[in-house]
>>> print(open('my_file-v2.cif').read())   # mmCIF, C-alpha atoms and all ligand atoms
data_target
#
loop_
_atom_site.label_atom_id
_atom_site.label_comp_id
_atom_site.auth_asym_id
_atom_site.auth_seq_id
_atom_site.Cartn_x
_atom_site.Cartn_y
_atom_site.Cartn_z
CA MET A 268 17.87 -40.68 4.40
CA VAL A 269 18.96 -43.83 2.62
CA SER A 270 20.12 -43.42 -0.96
CA GLU A 271 17.70 -45.32 -3.16
CA ILE A 272 20.25 -45.10 -5.94
CA LYS A 273 22.53 -47.19 -3.72
CA LEU A 274 19.84 -49.89 -3.43
CA PHE A 275 19.62 -50.10 -7.20
CA VAL A 276 23.37 -49.99 -7.75
CA ASP A 277 23.91 -52.72 -5.14
CA ALA A 278 21.39 -54.96 -6.94
CA TYR A 279 22.83 -54.18 -10.35
CA SER A 280 24.57 -57.47 -11.18
CA GLN A 281 21.30 -59.35 -11.61
CA TYR A 282 20.09 -56.82 -14.17
CA GLN A 283 23.18 -56.27 -16.30
CA ALA A 284 22.30 -56.84 -19.97
CA SER A 285 24.68 -59.08 -21.87
CA GLY A 286 26.97 -58.16 -24.72
CA LEU A 287 27.41 -54.49 -23.81
CA ASP A 288 30.67 -54.62 -21.87
CA LYS A 289 32.57 -52.43 -24.32
CA LYS A 290 32.23 -48.73 -25.01
CA LYS A 291 31.93 -49.02 -28.81
CA ILE A 292 28.31 -50.03 -29.21
CA LYS A 293 26.71 -50.04 -32.65
CA GLN A 294 23.15 -50.82 -33.59
CA THR A 295 24.02 -54.46 -34.40
CA ASP A 296 24.98 -54.85 -30.70
CA ILE A 297 21.47 -53.99 -29.51
CA LEU A 298 19.24 -55.55 -32.18
CA SER A 299 19.07 -58.96 -30.52
CA LEU A 300 18.41 -57.32 -27.14
CA ILE A 301 15.52 -55.35 -28.64
CA LYS A 302 14.17 -58.51 -30.27
CA GLY A 303 14.41 -60.36 -26.96
CA LEU A 304 12.53 -57.80 -24.89
CA PRO A 305 9.66 -59.38 -22.91
CA PRO A 306 5.99 -58.52 -23.62
CA LEU A 307 6.03 -55.80 -20.95
CA PHE A 308 7.65 -53.68 -23.67
CA ARG A 309 6.01 -52.58 -26.89
CA VAL A 310 8.62 -52.12 -29.60
CA GLU A 311 7.82 -49.90 -32.57
CA GLU A 312 9.72 -48.73 -35.61
CA ILE A 313 9.28 -44.99 -35.21
CA GLY A 314 11.62 -43.69 -37.87
CA GLN A 315 14.66 -44.21 -40.03
CA SER A 316 18.14 -42.76 -39.86
CA PHE A 317 19.61 -40.91 -42.86
CA GLU A 318 21.13 -44.20 -44.05
CA GLY A 319 17.90 -46.12 -43.51
CA ARG A 320 18.60 -47.81 -40.19
CA THR A 321 15.45 -48.37 -38.16
CA LEU A 322 14.93 -46.06 -35.19
CA PHE A 323 13.20 -48.00 -32.44
CA GLY A 324 10.79 -46.71 -29.84
CA ILE A 325 10.37 -48.88 -26.76
CA ARG A 326 7.29 -48.26 -24.64
CA ALA A 327 6.35 -49.49 -21.19
CA GLY A 328 3.97 -48.50 -18.41
CA HIS A 329 0.43 -47.15 -18.54
CA GLY A 330 0.35 -44.16 -16.21
CA GLY A 331 -0.69 -40.59 -16.83
CA VAL A 332 2.76 -39.00 -16.64
CA ARG A 333 4.67 -39.36 -19.90
CA VAL A 334 8.48 -39.63 -19.87
CA LEU A 335 10.58 -39.63 -23.02
CA ALA A 336 14.23 -40.77 -22.76
CA TRP A 337 16.72 -40.92 -25.60
CA SER A 338 20.39 -41.88 -25.77
CA GLN A 339 23.34 -41.82 -28.16
CA MET A 340 22.16 -38.83 -30.15
CA HIS A 341 25.92 -38.47 -30.44
CA GLY A 342 27.08 -41.71 -32.07
CA ASP A 343 30.17 -42.13 -29.89
CA GLU A 344 28.37 -41.72 -26.53
CA SER A 345 27.07 -45.16 -25.57
CA THR A 346 26.99 -45.37 -21.77
CA ALA A 347 23.30 -44.52 -21.44
CA THR A 348 22.29 -46.87 -24.26
CA ARG A 349 23.93 -49.67 -22.31
CA SER A 350 22.36 -48.77 -18.98
CA LEU A 351 18.91 -48.38 -20.58
CA PHE A 352 19.03 -52.06 -21.51
CA ASP A 353 19.99 -52.83 -17.90
CA ALA A 354 17.02 -50.71 -16.78
CA PHE A 355 14.72 -52.70 -19.10
CA ARG A 356 15.79 -55.88 -17.33
CA PHE A 357 15.04 -54.26 -13.97
CA LEU A 358 11.57 -53.18 -15.11
CA ALA A 359 10.75 -56.67 -16.40
CA ALA A 360 12.09 -58.59 -13.38
CA ASP A 361 9.83 -60.37 -10.90
CA GLU A 362 12.27 -60.10 -7.99
CA ALA A 363 10.34 -58.94 -4.90
CA ALA A 364 12.62 -56.68 -2.83
CA LEU A 365 12.58 -53.73 -5.21
CA SER A 366 9.10 -54.33 -6.63
CA PRO A 367 7.52 -51.24 -4.96
CA TYR A 368 9.82 -49.08 -7.07
CA ARG A 369 9.16 -51.07 -10.24
CA ASP A 370 5.39 -51.06 -9.65
CA ALA A 371 5.29 -47.30 -9.02
CA ILE A 372 7.21 -46.60 -12.22
CA LEU A 373 5.05 -48.83 -14.40
CA SER A 374 1.71 -47.79 -12.92
CA LYS A 375 2.29 -44.02 -12.73
CA LEU A 376 4.35 -43.44 -15.88
CA SER A 377 4.04 -44.01 -19.59
CA LEU A 378 7.58 -44.47 -20.81
CA LEU A 379 8.99 -44.05 -24.29
CA PHE A 380 12.66 -44.89 -24.74
CA VAL A 381 14.64 -44.22 -27.89
CA PRO A 382 17.99 -45.92 -27.36
CA MET A 383 20.58 -44.90 -29.96
CA VAL A 384 18.96 -41.99 -31.78
CA ASN A 385 21.98 -41.83 -34.11
CA PRO A 386 22.87 -45.38 -35.26
CA ASP A 387 24.70 -44.09 -38.36
CA GLY A 388 27.07 -42.12 -36.14
CA ALA A 389 27.47 -45.13 -33.85
CA GLU A 390 28.41 -47.24 -36.89
CA ARG A 391 31.32 -44.85 -37.57
CA TRP A 392 31.90 -44.15 -33.85
CA GLN A 393 31.53 -40.42 -34.47
CA ARG A 394 29.52 -37.66 -32.85
CA GLU A 395 27.64 -36.49 -35.97
CA ASN A 396 25.09 -38.38 -38.06
CA ALA A 397 25.74 -39.67 -41.61
CA GLN A 398 25.17 -36.15 -43.00
CA GLY A 399 28.02 -34.89 -40.83
CA ILE A 400 25.53 -32.86 -38.77
CA ASP A 401 25.61 -32.72 -34.98
CA VAL A 402 22.02 -33.75 -34.24
CA ASN A 403 22.19 -31.77 -31.02
CA ARG A 404 22.58 -28.57 -33.05
CA ASP A 405 19.62 -29.42 -35.28
CA ALA A 406 16.71 -28.84 -32.92
CA ARG A 407 15.44 -25.75 -34.75
CA ARG A 408 16.03 -26.73 -38.38
CA GLY A 409 15.25 -30.43 -38.33
CA ALA A 410 17.64 -31.06 -41.23
CA THR A 411 18.40 -34.58 -39.92
CA PRO A 412 15.84 -37.40 -39.82
CA GLU A 413 17.07 -38.19 -36.29
CA GLY A 414 16.40 -34.63 -35.11
CA ARG A 415 13.05 -34.55 -36.87
CA LEU A 416 12.06 -37.72 -35.02
CA LEU A 417 12.65 -36.03 -31.65
CA GLN A 418 10.62 -33.00 -32.78
CA THR A 419 7.80 -35.33 -33.85
CA LEU A 420 7.85 -37.26 -30.58
CA CYS A 421 7.61 -34.02 -28.64
CA ARG A 422 4.41 -33.25 -30.53
CA THR A 423 2.82 -36.73 -30.75
CA PHE A 424 3.90 -38.25 -27.42
CA ALA A 425 3.74 -34.88 -25.62
CA PRO A 426 6.07 -35.86 -22.76
CA HIS A 427 5.89 -34.19 -19.37
CA PHE A 428 9.53 -35.11 -18.73
CA ALA A 429 12.47 -35.69 -21.07
CA LEU A 430 15.77 -37.37 -20.26
CA ASN A 431 18.54 -36.30 -22.63
CA LEU A 432 21.34 -38.83 -22.15
CA HIS A 433 24.92 -38.16 -23.21
CA ASP A 434 28.59 -38.86 -22.42
CA GLN A 435 31.21 -36.19 -21.76
CA ASN A 436 34.96 -36.63 -21.92
CA SER A 437 36.70 -38.01 -18.85
CA TYR A 438 38.87 -34.96 -18.21
CA TYR A 439 36.14 -32.77 -16.69
CA SER A 440 36.49 -32.44 -12.95
CA ALA A 441 33.61 -31.70 -10.60
CA GLY A 442 34.51 -28.11 -9.83
CA VAL A 443 38.01 -27.30 -8.53
CA SER A 444 38.78 -30.74 -7.17
CA ARG A 445 40.74 -33.89 -7.81
CA HIS A 446 37.55 -35.77 -8.66
CA PRO A 447 36.25 -36.44 -12.14
CA ALA A 448 32.72 -35.29 -12.94
CA THR A 449 31.47 -38.87 -13.17
CA PHE A 450 28.07 -37.36 -13.83
CA SER A 451 27.06 -33.89 -14.93
CA PHE A 452 23.56 -32.56 -15.01
CA GLN A 453 21.78 -29.62 -16.53
CA ALA A 454 18.27 -28.29 -16.63
CA ALA A 455 18.92 -26.34 -19.82
CA PRO A 456 17.57 -22.79 -20.04
CA PRO A 457 14.51 -22.33 -22.25
CA ASP A 458 15.63 -18.88 -23.39
CA ASN A 459 18.48 -16.40 -23.34
CA ALA A 460 17.15 -14.81 -20.13
CA ASP A 461 17.77 -18.04 -18.18
CA THR A 462 14.09 -18.13 -17.18
CA VAL A 463 13.10 -20.68 -14.57
CA THR A 464 9.77 -21.83 -15.98
CA PRO A 465 7.61 -24.17 -13.86
CA THR A 466 8.71 -27.17 -15.93
CA ARG A 467 12.39 -26.20 -15.76
CA ALA A 468 11.99 -25.87 -11.99
CA GLN A 469 10.79 -29.49 -11.94
CA ALA A 470 13.93 -30.57 -13.79
CA MET A 471 16.11 -28.57 -11.38
CA LYS A 472 14.46 -30.17 -8.35
CA LEU A 473 14.91 -33.61 -9.88
CA ILE A 474 18.61 -32.89 -10.34
CA VAL A 475 18.91 -31.74 -6.71
CA HIS A 476 17.17 -34.94 -5.61
CA ILE A 477 19.48 -37.17 -7.66
CA ASN A 478 22.59 -35.24 -6.59
CA ARG A 479 21.79 -35.54 -2.87
CA GLN A 480 21.55 -39.31 -3.25
CA LEU A 481 24.63 -39.56 -5.45
CA GLN A 482 26.70 -37.64 -2.88
CA GLN A 483 26.22 -40.58 -0.52
CA ILE A 484 27.84 -43.07 -2.91
CA LEU A 485 29.91 -40.84 -5.21
CA PRO A 486 30.88 -37.87 -3.04
CA GLN A 487 32.21 -34.89 -5.01
CA HIS A 488 31.94 -36.69 -8.35
CA VAL A 489 28.94 -34.72 -9.62
CA GLY A 490 29.02 -31.50 -11.63
CA ARG A 491 26.71 -29.34 -13.64
CA TRP A 492 26.83 -27.53 -16.92
CA ASN A 493 26.56 -23.77 -16.91
CA ASN A 494 23.40 -22.00 -18.06
CA ASP A 495 24.73 -20.83 -21.43
CA TYR A 496 21.88 -20.82 -23.91
CA GLU A 497 22.30 -22.94 -27.07
CA PRO A 498 19.03 -22.60 -28.96
CA ARG A 499 20.00 -25.28 -31.50
CA ALA A 500 20.31 -27.99 -28.81
CA PHE A 501 17.50 -30.34 -27.91
CA GLY A 502 17.74 -29.74 -24.16
CA GLU A 503 16.94 -26.06 -24.67
CA TRP A 504 14.37 -26.86 -27.35
CA PHE A 505 12.40 -29.33 -25.23
CA GLN A 506 12.65 -27.04 -22.21
CA ALA A 507 11.16 -24.25 -24.33
CA GLN A 508 8.24 -26.56 -25.23
CA GLN A 509 7.38 -26.76 -21.49
CA VAL A 510 8.82 -30.27 -21.11
CA ALA A 511 10.80 -30.71 -17.87
CA THR A 512 14.09 -31.69 -19.47
CA MET A 513 17.09 -33.13 -17.68
CA LEU A 514 20.49 -33.60 -19.29
CA ILE A 515 22.56 -36.42 -17.81
CA GLU A 516 26.17 -36.64 -18.97
CA SER A 517 28.18 -39.71 -18.04
CA GLY A 518 31.82 -38.87 -17.48
CA GLY A 519 35.06 -40.28 -16.13
CA TYR A 520 35.61 -42.57 -13.19
CA PRO A 521 38.97 -43.83 -11.91
CA CYS A 522 40.40 -46.66 -14.02
CA ASP A 523 37.13 -47.23 -15.89
CA GLU A 524 38.15 -47.02 -19.55
CA GLU A 525 35.08 -48.93 -20.82
CA ARG A 526 32.76 -47.02 -18.48
CA LEU A 527 31.44 -50.16 -16.79
CA ALA A 528 31.37 -48.63 -13.30
CA VAL A 529 29.78 -45.49 -14.72
CA ARG A 530 27.16 -47.61 -16.51
CA ARG A 531 26.28 -49.25 -13.21
CA PHE A 532 25.80 -45.92 -11.44
CA HIS A 533 23.87 -44.61 -14.44
CA PHE A 534 21.49 -47.56 -14.16
CA GLY A 535 20.77 -46.49 -10.58
CA ILE A 536 20.25 -42.88 -11.65
CA ILE A 537 17.78 -43.87 -14.38
CA ILE A 538 15.69 -46.05 -12.06
CA GLU A 539 15.70 -43.44 -9.29
CA THR A 540 14.82 -40.62 -11.69
CA LEU A 541 11.82 -42.57 -12.98
CA TYR A 542 10.79 -43.51 -9.47
CA ALA A 543 11.14 -39.95 -8.18
CA ILE A 544 8.93 -38.70 -11.03
CA ALA A 545 6.39 -41.48 -10.37
CA ALA A 546 6.26 -40.97 -6.59
CA GLU A 547 6.91 -37.18 -6.77
CA THR A 548 9.59 -37.57 -4.11
CA TYR A 549 11.64 -34.81 -5.76
CA ALA A 550 8.85 -32.22 -5.49
CA ASN A 551 9.88 -30.75 -2.13
CA ARG A 552 13.46 -30.08 -3.18
CA SER A 553 14.47 -26.48 -3.63
CA VAL A 554 15.40 -24.88 -6.95
CA GLU A 555 18.11 -22.80 -5.22
CA ASP A 556 19.96 -25.99 -4.25
CA TYR A 557 20.54 -26.64 -7.95
CA TYR A 558 23.48 -24.24 -7.64
CA GLU A 559 25.15 -26.37 -4.97
CA LEU A 560 26.39 -28.62 -7.77
CA PRO A 561 29.84 -27.37 -8.77
CA LEU A 562 30.41 -26.34 -12.36
CA ASN A 563 32.28 -28.73 -14.59
CA ARG A 564 35.91 -27.76 -15.02
CA GLU A 565 37.39 -28.53 -18.42
CA ASN A 566 40.70 -30.44 -18.32
CA GLY A 567 40.56 -30.74 -14.55
CA MET A 568 41.79 -34.32 -14.81
CA PHE A 569 44.89 -36.03 -16.14
CA ASP A 570 45.40 -39.65 -17.14
CA ARG A 571 48.25 -39.84 -14.65
CA ILE A 572 50.05 -37.45 -12.30
CA GLU A 573 53.50 -37.83 -10.77
CA ARG A 574 53.39 -35.65 -7.66
CA HIS A 575 56.37 -33.91 -6.03
CA THR A 576 58.80 -35.61 -8.31
CA GLU A 577 62.40 -34.59 -8.87
CA ILE A 578 63.03 -33.19 -12.32
CA ARG A 579 66.54 -32.65 -13.68
CA ILE A 580 67.43 -30.21 -16.42
CA GLY A 581 71.14 -30.46 -17.08
CA GLU A 582 72.94 -29.88 -13.77
CA ARG A 583 69.92 -28.44 -12.04
CA ALA A 584 67.11 -30.23 -10.20
CA PHE A 585 63.76 -29.12 -8.78
CA ILE A 586 60.58 -30.66 -7.38
CA SER A 587 57.31 -30.41 -9.29
CA ASP A 588 54.16 -32.27 -10.22
CA VAL A 589 53.95 -33.65 -13.75
CA GLY A 590 50.62 -34.49 -15.35
CA PHE A 591 50.04 -36.58 -18.47
CA ARG A 592 46.91 -36.19 -20.55
CA GLY A 593 46.80 -37.85 -23.98
CA GLY A 594 50.04 -36.74 -25.64
CA GLU A 595 50.26 -33.64 -23.45
CA LYS A 596 52.58 -33.15 -20.45
CA VAL A 597 52.08 -30.40 -17.87
CA THR A 598 54.75 -29.46 -15.27
CA GLY A 599 53.80 -27.34 -12.23
CA ASP A 600 51.43 -27.15 -9.28
CA LEU A 601 48.69 -29.76 -9.83
CA ASP A 602 47.42 -29.86 -6.25
CA ASP A 603 43.85 -29.19 -7.34
CA TYR A 604 43.96 -31.58 -10.29
CA GLY A 605 43.22 -35.29 -10.26
CA ALA A 606 44.35 -38.39 -12.11
CA LEU A 607 42.05 -40.94 -13.70
CA CYS A 608 44.26 -43.92 -13.04
ZN ZN A 701 26.56 -35.74 -26.40
#
>>> encode(input="my_file-v2.cif", output="structure tokens", more="lines below")
Ligand SMILES: [Zn+2]
Amino acid sequence: MVSEIKLFVDAYSQYQASGLDKKKIKQTDILSLIKGLPPLFRVEEIGQSFEGRTLFGIRAGHGGVRVLAWSQMHGDESTATRSLFDAFRFLAADEAALSPYRDAILSKLSLLFVPMVNPDGAERWQRENAQGIDVNRDARRGATPEGRLLQTLCRTFAPHFALNLHDQNSYYSAGVSRHPATFSFQAAPPDNADTVTPTRAQAMKLIVHINRQLQQILPQHVGRWNNDYEPRAFGEWFQAQQVATMLIESGGYPCDEERLAVRRFHFGIIIETLYAIAAETYANRSVEDYYELPLNRENGMFDRIERHTEIRIGERAFISDVGFRGGEKVTGDLDDYGALC
């Protein structure tokens, strides 16, 4: 089967939104893009951040299946914000070759995007909001206006699907391998018993569907988060409200400091996820295959590795690998570890 994600990724250059080529994206970088969105999109002010920045909701489509997608809940995680604006250009294009996908998405789905949930954090390039609270640990209390907005949208928009879009650090590897986890997925558990509810099963099947296609263009670069239950996080919270919720974490890719290659793949994942929901092409996947994704391994990657190099200490010499990660240096067997560049 052909990877539809590959079709989208191959066509990416005509959809790339301008001005988002760097990782550090603040709200001022997207305001003109929001203003310039074509009439296909309905832009609403749906809330305010703690410091009074407008939180924008961007709607498109008029189908019966509602999909809510938000990005940059952590202020320093911008990859998905950038690829959402690429996806908007795809949805508004009149190019013919991929129009069956575009038409299915817009006719079957009602979409609500909230790019940059945490603009105050983005302004400081920090994870937390202006109160110093991690919004993704605020799902129960709603102490942050940004978290309260997501709670409200769950009630008022009543999504069937939610896409929870984040970045993870580049040093995670996809299982025990030399490959970075360029993407990691999770269908978060709705409770401490790891229950597979019908809606969670939908999210798991979607992840299997996306992973099978990604393996064709990014073999062994996909991981998953474990099923540890974090009741304060929005993935768990939405899953518990019977919303099929999919976490997508953008991660490292070789020599891609600004995450431009990752953004391009992410664009393909977003379009394919929406299309798979619209056309229900994920529905025949099996929940059990969710576990074929290897677990993320923390610090499985280095910035650089010198392999089988001669090391001298005084008069004595030996052969070892040496890995460099940030300011850290590790000497020893790094056969199962990879280097980012
Ligand atoms: Zn995050």
>>> atom_distance(input="my_file-v2.cif", atom1="atom CA of A:Asp353", atom2="atom CA of A:Tyr542")
15.6 Å
>>> axis_aligned_box(input="my_file-v2.cif", around="stretch 493-512 of chain A", padding_each_side="6 Å", output="JSON")
{"center_x": 17.0, "center_y": -26.3, "center_z": -24.2, "size_x": 31.2, "size_y": 22.9, "size_z": 26.6}
>>> atom_distance(input="my_file-v2.cif", atom1="atom CA of A:Asn563", atom2="atom CA of A:Glu516")
10.9 Å
>>> residues_around(input="my_file-v2.cif", residues="A:Ile578", least_positions_apart="5", cutoff="10 Å", atoms="all atoms listed in the file", output="ChimeraX atom specification")
/A:583-589,598
>>> write_last_selection(input="my_file-v2.cif", atoms="C-alpha atoms", output="CSV table (one decimal), in the coordinates of the input")
chain,number,residue,atom,x,y,z
A,583,ARG,CA,69.9,-28.4,-12.0
A,584,ALA,CA,67.1,-30.2,-10.2
A,585,PHE,CA,63.8,-29.1,-8.8
A,586,ILE,CA,60.6,-30.7,-7.4
A,587,SER,CA,57.3,-30.4,-9.3
A,588,ASP,CA,54.2,-32.3,-10.2
A,589,VAL,CA,54.0,-33.6,-13.8
A,598,THR,CA,54.8,-29.5,-15.3
>>> closest_residue(input="my_file-v2.cif", among="A:Glu344, A:Glu524, A:Glu559, A:Glu503", to="ligand ZN 701 (chain A)", atoms="all atoms listed in the file")
A:Glu344
>>> atom_distance(input="my_file-v2.cif", atom1="atom CA of A:Leu351", atom2="atom CA of A:Val310")
14.2 Å
>>> residues_around(input="my_file-v2.cif", residues="A:Asp401", least_positions_apart="3", cutoff="10 Å", atoms="all atoms listed in the file", output="compact mmCIF listing (two decimals) with C-alpha atoms, in the coordinates of the input")
# COMPACT_ATOMS: atom_id res chain seq x y z
CA MET A 340 22.16 -38.83 -30.15
CA HIS A 341 25.92 -38.47 -30.44
CA GLY A 342 27.08 -41.71 -32.07
CA ASN A 385 21.98 -41.83 -34.11
CA GLY A 388 27.07 -42.12 -36.14
CA GLN A 393 31.53 -40.42 -34.47
CA ARG A 394 29.52 -37.66 -32.85
CA GLU A 395 27.64 -36.49 -35.97
CA ASN A 396 25.09 -38.38 -38.06
CA ALA A 397 25.74 -39.67 -41.61
CA GLN A 398 25.17 -36.15 -43.00
CA ARG A 404 22.58 -28.57 -33.05
CA ASP A 405 19.62 -29.42 -35.28
CA ALA A 406 16.71 -28.84 -32.92
CA THR A 411 18.40 -34.58 -39.92
CA GLY A 414 16.40 -34.63 -35.11
CA ARG A 499 20.00 -25.28 -31.50
CA ALA A 500 20.31 -27.99 -28.81
>>> closest_residue(input="my_file-v2.cif", among="A:Ala284, A:Leu514, A:Leu322, A:Val463", to="ligand ZN 701 (chain A)", atoms="all atoms listed in the file")
A:Leu514
>>> residues_around(input="my_file-v2.cif", residues="A:Arg571", least_positions_apart="2", cutoff="6 Å", atoms="all atoms listed in the file", output="ChimeraX atom specification")
/A:569,590-591,606,608
>>> residues_near_point(input="my_file-v2.cif", point="(10.4, -54.3, -6.5)", cutoff="12 Å", atoms="all atoms listed in the file", output="number ranges by chain")
A: 274-275, 278, 357-373, 538, 542
>>> residues_near_point(input="my_file-v2.cif", point="(8.2, -35.0, -22.4)", cutoff="6 Å", atoms="all atoms listed in the file", output="ChimeraX atom specification")
/A:334-335,425-429,510
>>> residues_around(input="my_file-v2.cif", residues="A:Ala511", least_positions_apart="3", cutoff="12 Å", atoms="all atoms listed in the file", output="PyMOL selection string")
chain A and resi 332-336+421+425-431+453-457+463-474+502-508+514+544
>>> residues_around(input="my_file-v2.cif", residues="A:Leu432", least_positions_apart="4", cutoff="12 Å", atoms="only C-alpha atoms", output="ChimeraX atom specification")
/A:335-342,344-351,380-384,403,450-453,501-502,512-518,530,533-534,536-537
>>> closest_residue(input="my_file-v2.cif", among="A:Asn493, A:Asn436, A:Leu420, A:Thr462", to="ligand ZN 701 (chain A)", atoms="all atoms listed in the file")
A:Asn436
>>> closest_residue(input="my_file-v2.cif", among="A:Gly599, A:Pro305, A:Gly442, A:Gly399", to="A:Glu577", atoms="all atoms listed in the file")
A:Gly599
>>> closest_residue(input="my_file-v2.cif", among="A:Pro412, A:His575, A:Asp434, A:Lys290", to="ligand ZN 701 (chain A)", atoms="only C-alpha atoms and all ligand atoms")
A:Asp434
>>> closest_residue(input="my_file-v2.cif", among="A:Phe323, A:Asp570, A:Ala448, A:Gln435", to="ligand ZN 701 (chain A)", atoms="all atoms listed in the file")
A:Gln435
>>> build_atoms(input="my_file-v2.cif", residues="stretch 308-325 of chain A", atoms="N, CA and C atoms", output="PDB file, in the coordinates of the input")
ATOM      1  N   PHE A 308       7.236 -54.779 -22.790  1.00  0.00           N
ATOM      2  CA  PHE A 308       7.650 -53.680 -23.670  1.00  0.00           C
ATOM      3  C   PHE A 308       6.970 -53.787 -25.028  1.00  0.00           C
ATOM      4  N   ARG A 309       6.570 -52.642 -25.546  1.00  0.00           N
ATOM      5  CA  ARG A 309       6.010 -52.580 -26.890  1.00  0.00           C
ATOM      6  C   ARG A 309       7.037 -51.880 -27.784  1.00  0.00           C
ATOM      7  N   VAL A 310       7.563 -52.639 -28.731  1.00  0.00           N
ATOM      8  CA  VAL A 310       8.620 -52.120 -29.600  1.00  0.00           C
ATOM      9  C   VAL A 310       8.002 -51.654 -30.919  1.00  0.00           C
ATOM     10  N   GLU A 311       8.343 -50.441 -31.322  1.00  0.00           N
ATOM     11  CA  GLU A 311       7.820 -49.900 -32.570  1.00  0.00           C
ATOM     12  C   GLU A 311       8.956 -49.349 -33.423  1.00  0.00           C
ATOM     13  N   GLU A 312       8.802 -49.433 -34.718  1.00  0.00           N
ATOM     14  CA  GLU A 312       9.720 -48.730 -35.610  1.00  0.00           C
ATOM     15  C   GLU A 312       9.146 -47.320 -35.775  1.00  0.00           C
ATOM     16  N   ILE A 313       9.853 -46.345 -35.236  1.00  0.00           N
ATOM     17  CA  ILE A 313       9.280 -44.990 -35.210  1.00  0.00           C
ATOM     18  C   ILE A 313       9.973 -44.040 -36.178  1.00  0.00           C
ATOM     19  N   GLY A 314      10.963 -44.554 -36.906  1.00  0.00           N
ATOM     20  CA  GLY A 314      11.620 -43.690 -37.870  1.00  0.00           C
ATOM     21  C   GLY A 314      12.793 -44.415 -38.511  1.00  0.00           C
ATOM     22  N   GLN A 315      13.470 -43.672 -39.374  1.00  0.00           N
ATOM     23  CA  GLN A 315      14.660 -44.210 -40.030  1.00  0.00           C
ATOM     24  C   GLN A 315      15.765 -43.172 -39.984  1.00  0.00           C
ATOM     25  N   SER A 316      16.985 -43.664 -39.822  1.00  0.00           N
ATOM     26  CA  SER A 316      18.140 -42.760 -39.860  1.00  0.00           C
ATOM     27  C   SER A 316      18.372 -42.320 -41.305  1.00  0.00           C
ATOM     28  N   PHE A 317      19.296 -41.391 -41.504  1.00  0.00           N
ATOM     29  CA  PHE A 317      19.610 -40.910 -42.860  1.00  0.00           C
ATOM     30  C   PHE A 317      19.990 -42.070 -43.767  1.00  0.00           C
ATOM     31  N   GLU A 318      20.710 -43.053 -43.233  1.00  0.00           N
ATOM     32  CA  GLU A 318      21.130 -44.200 -44.050  1.00  0.00           C
ATOM     33  C   GLU A 318      20.120 -45.347 -44.021  1.00  0.00           C
ATOM     34  N   GLY A 319      18.950 -45.119 -43.441  1.00  0.00           N
ATOM     35  CA  GLY A 319      17.900 -46.120 -43.510  1.00  0.00           C
ATOM     36  C   GLY A 319      17.888 -47.128 -42.375  1.00  0.00           C
ATOM     37  N   ARG A 320      18.691 -46.910 -41.348  1.00  0.00           N
ATOM     38  CA  ARG A 320      18.600 -47.810 -40.190  1.00  0.00           C
ATOM     39  C   ARG A 320      17.312 -47.503 -39.418  1.00  0.00           C
ATOM     40  N   THR A 321      16.696 -48.554 -38.905  1.00  0.00           N
ATOM     41  CA  THR A 321      15.450 -48.370 -38.160  1.00  0.00           C
ATOM     42  C   THR A 321      15.710 -47.668 -36.836  1.00  0.00           C
ATOM     43  N   LEU A 322      14.881 -46.692 -36.508  1.00  0.00           N
ATOM     44  CA  LEU A 322      14.930 -46.060 -35.190  1.00  0.00           C
ATOM     45  C   LEU A 322      13.794 -46.657 -34.370  1.00  0.00           C
ATOM     46  N   PHE A 323      14.155 -47.248 -33.248  1.00  0.00           N
ATOM     47  CA  PHE A 323      13.200 -48.000 -32.440  1.00  0.00           C
ATOM     48  C   PHE A 323      12.680 -47.145 -31.276  1.00  0.00           C
ATOM     49  N   GLY A 324      11.391 -47.246 -31.047  1.00  0.00           N
ATOM     50  CA  GLY A 324      10.790 -46.710 -29.840  1.00  0.00           C
ATOM     51  C   GLY A 324      10.366 -47.865 -28.964  1.00  0.00           C
ATOM     52  N   ILE A 325      10.688 -47.790 -27.692  1.00  0.00           N
ATOM     53  CA  ILE A 325      10.370 -48.880 -26.760  1.00  0.00           C
ATOM     54  C   ILE A 325       9.483 -48.307 -25.663  1.00  0.00           C
TER      55      ILE A 325
END
